[in-house]
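What follows is a single structure, written as structure tokens, with notes after it.
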Amino acid sequence: MDQDQIQPVFTTGRRRLLGAAAGVATGCALAMPHIARAAAPIRIGLLQAKEGSIAVQAEYLQRGTFLALEQMNNQLLGQPAEIVWVDEPSAQGAAQNALQLIQQNNVVALLGGSLSSNALAEEAVAGQHKIPFMINNAAAEEITGAKCNPYTFRLQPPVPVQAAAMLPYLQSIGKRWYFLTSAYAFGQDIAASFKTLLKGIGGTVVGDDSVPMGSSDFSSYILKIREAKPDLVIGGLTSADLSNFLKQWKQFGLADKIPFTEIAVGDTDLWAVGKENVAGTYTTLWYYKDPNNSPSDKAFAAAFQKKYGKPAADKAWMGWYSAKIMFEAINKAGSTDPDAIVHALQNWQEQDGGITVHFDKWNNQLVHRFLVVGVKKNIPDDYDYFDVLRSIPDSDAAAQKAFGTAADSACHMTPL
Amino acid sequence: MLDMMIMQAGNGLALGFLYVLIALGLSIIFGLLGIVNFAHGVFFALGAYFSLTLFNLMGWWGVPLALAIVCVIGMITEVLLIRRLYDKEPLVSLIVTFALALLAQAVIRAVWGAQGQPFNAPGWLNGVIIAGPFIIASYRIAIMVCAVVILLAFWAFMNFTPFGRVLRAGSRDPQMVQLLGINLPHVLTGTFGLGCLLAAIAGLLAAPIWTVAPTMGTDAIMPAFVVVTIGGLGSYAGAIVAGLAVGLVQALTIQFMPDASTAAMYVLMAIVLLLRPRGLFGEQWERFE
């Protein structure tokens, strides 16, 4: 056989070989998209405010989020992964940025939602475009209530759940309550929830002020409260508004005279006030010095302290924990398919504080313990402000009672 | 109810004095330089931040130094940036100073962090003063006293010092001032520094009642612009009257319609501008026509 005869046979073989290789590669690409796209990192979108009064909380939320990915060696599904962080300038701006993350950055999941108003707008986009979304800060009931969708999950217990947990403490103080709440979803939710509870115990609303967001001067509200002589003030202020109020509350000499309470506060809001000015009873999702923190929570607190030189605020933990859950779910799903991630999230669970931490399947709300905390009489440093009064709920049965059942929920979940 | 309204009015005046100090600096800068300075809130915030930092390092002695530093930063800003805007369209100065405000806020966040920082008034200024139906926080009385002293000093400065007279003349006819052999660029630099100094003093006074945070300048700048617009651009008397009016209107709106408390000052501005488009004390200035 001479060379001329051999050449055509070899050429044909090489073409067949190349064709077969291309076929295998195409098959792999169709069957395992995440492997086929190995060159491009897996992107996670982070929607967290960079400006405005909520940016203080958002800074800690994003730090926790980035730390969670770092702890996974910046890898998901064995591939490089990265977080794309965009702003939430307003509800409309947040929705536009969520859309940009999905359509231009090709993110496989979203994290974020610094404010309830932003989160509600982002949630609609996530639901419409079928992208798994974990809301890490917003607490308005509607998020996992009437506005729920199967792709949106939420970390923070809804306002009515946290309000109900406070009731035993508040009831013992008195039944004449004054409401001072922000004029947006979170504040309105607080006012509605506590009024329902107050009605249930036969109490009286002695004042009800809805405060425009971004208010810096509260002196006129404080004069009204002083005049109304309530047993208790229910706050629903956020971030810098809360800090400003507490400073002025102290200056008017009322911090030691009329008890103040609020739910879902951020450590940073109180750190900004200064230890001389802080008073009150609050709910918070996590506290860095809670002796009952799990080993992984303690490891996170240590890692955060080491990296940033400051204690981990509750918001840092919330960013870290929600990202950790999302990343674990993506790995568990074994792909970036949205429905597979949603399925993995719905089946994600772990044990903590005597309860099974999990998402309720009918509304995608995380069932997790939260804390009732009181300000220490003698605050030892610039960060350790709280005594943990109670951890709620403390059992699976109590959790079901606190978070309610499908029958209690306004969420009508559509199928995937 | 009358007692309550009197209380709210007194309280509103205290807030108004704070607005006056912020707006006065803005008005001076516009009056002489013709610059609508959107970055004015930055100097308000810097006044609070430098005071806090130097107070922590040096005690109360650090506070005057902090104010001087902000004044110098203002003058440097005028030399490096603002000076280049004098012959430009007003829109250009508006955009540039707005960009400067955003940049400066980011710098503040990078240097001091996003988290708010506590800065307290001396302990003896906590609590309230009660006189009959009238109740007001002691610290707010201190703000009013400080503001009145500063306004008197400012009035004396403008009327009885050569620089003040040059400043007043320069705001009306800068070319004539220059023809008289006065170094106008130096006057303009000094004026911008003076405006920034007033903003810094306001920031210092506000720090114990507002949280010292990167956004505090943004929170202050909108009421300041409303005050200047109501009072009449470039009018010092207008800034004082309008500042007190805005404080009063806000306090009284909170008493009856808290939801509308922020909107109230804009409504007041709209009414004033409908009735008197140049503002309460606004005059026709040839150089701005």
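Order determines the names: the first chain of the structure tokens is A, the second B, and so forth; residues in each chain are numbered 1 upward, and ligands are numbered 1 upward as they are shown.
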At most 7 Å is the cut-off: for each residue in chain B with any atom that close to an atom of chain A, write down the nearest atom pair and the distance in Å rounded to one decimal, counting only C-alpha atoms, chain first then increasing number, as a tab-separated table.
```
residue	atom	partner	partner_atom	distance
B:Gln8	CA	A:Ser220	CA	6.1
B:Asn11	CA	A:Ser220	CA	6.9
B:Ala114	CA	A:Val56	CA	5.1
B:Gln115	CA	A:Val56	CA	5.1
B:Gly116	CA	A:Ala272	CA	4.5
B:Gln117	CA	A:Ala272	CA	4.6
B:Pro118	CA	A:Gly274	CA	4.8
B:Asn126	CA	A:Gln251	CA	4.8
B:Gly127	CA	A:Gly253	CA	4.7
B:Val128	CA	A:Phe252	CA	5.6
B:Ala137	CA	A:Phe252	CA	5.5
B:Ile209	CA	A:Gln248	CA	5.8
B:Trp210	CA	A:Asn244	CA	5.1
B:Thr211	CA	A:Asn244	CA	5.6
B:Thr215	CA	A:Gly52	CA	6.3
B:Ala251	CA	A:Ser220	CA	5.6
B:Ile254	CA	A:Ser220	CA	6.4
B:Pro258	CA	A:Asp209	CA	6.1
B:Asp259	CA	A:Ser210	CA	5.5
B:Thr262	CA	A:Pro212	CA	6.7
```
Check your understanding: Quick one: residues within 8 Å of Leu252 of chain B, only C-alpha atoms counted, chain neighbours fewer than 6 positions away excluded, as an NGL selection string?
Key -> :B and (5 or 8-9 or 12)
Can I get the selection written as a CSV table (one decimal), in the first residue's frame, with N, CA and C atoms?
```csv
chain,number,residue,atom,x,y,z
B,5,MET,N,-49.0,73.7,70.6
B,5,MET,CA,-48.6,74.5,69.4
B,5,MET,C,-47.4,75.4,69.8
B,8,GLN,N,-44.4,73.3,70.1
B,8,GLN,CA,-43.9,72.9,68.7
B,8,GLN,C,-43.3,74.1,68.0
B,9,ALA,N,-43.8,75.3,68.2
B,9,ALA,CA,-43.3,76.4,67.6
B,9,ALA,C,-41.9,76.7,68.1
B,12,GLY,N,-39.6,74.2,66.7
B,12,GLY,CA,-39.4,74.4,65.3
B,12,GLY,C,-38.4,75.5,65.1
```
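Atom pair atom CA of Met75 of chain B / atom CA of Glu283 of chain B: separated by 27.7 Å.
When DSSP reads the backbone of this structure, the residues of segment 13-158 of chain B it assigns to strand (DSSP E) are B:Val128, B:Ile129, B:Ile130, B:Ala131, B:Phe134, B:Ile135, B:Ile136, B:Ala137.
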Revision key, fill the gap. In Å and to one decimal, atom CA of Arg109 of chain B is distant from atom CA of Ala45 of chain B by 11.2 Å
Practice item. Determine which residues of segment 133-291 of chain A receive a DSSP assignment of alpha helix (DSSP H), computed from the backbone, and state them as a PyMOL selection string. Key: chain A and resi 159-171+185-200+219-228+239-251+267-271
Review point. If you count only C-alpha atoms, which residues fall within 12 Å of segment 345-359 of chain A, apart from same-chain ones fewer than 4 positions away, as a PyMOL selection string?
Key: chain A and resi 109+132-134+144+150-157+286+290-297+321-333+338-341+363-371+390-400+403
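Among B:Ile129, B:Ala237, B:Leu167, B:Leu52, the residue with the shortest atom-to-atom distance to Leu32 of chain B, counting only C-alpha atoms, is B:Leu167.
If you look at atom CA of Ile130 of chain B and atom CA of Ile22 of chain B, they are 28.0 Å away from each other.
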**Study point:** Exercise: Arg63 of chain A partners within 8 Å, only C-alpha atoms, chain neighbours under 6 positions left out, as a ChimeraX atom specification
**Key:** /A:316,319-320
Practice item. Mind checking which residues fall within 12 Å of Ile234 of chain A, counting only C-alpha atoms, ignoring those fewer than 2 positions away in the same chain, and posting them as a PyMOL selection string? Key: chain A and resi 163+166-167+170+173-182+187-188+190-195+197-198+205-210+225+230-232+236-237+242+258-263+280-282
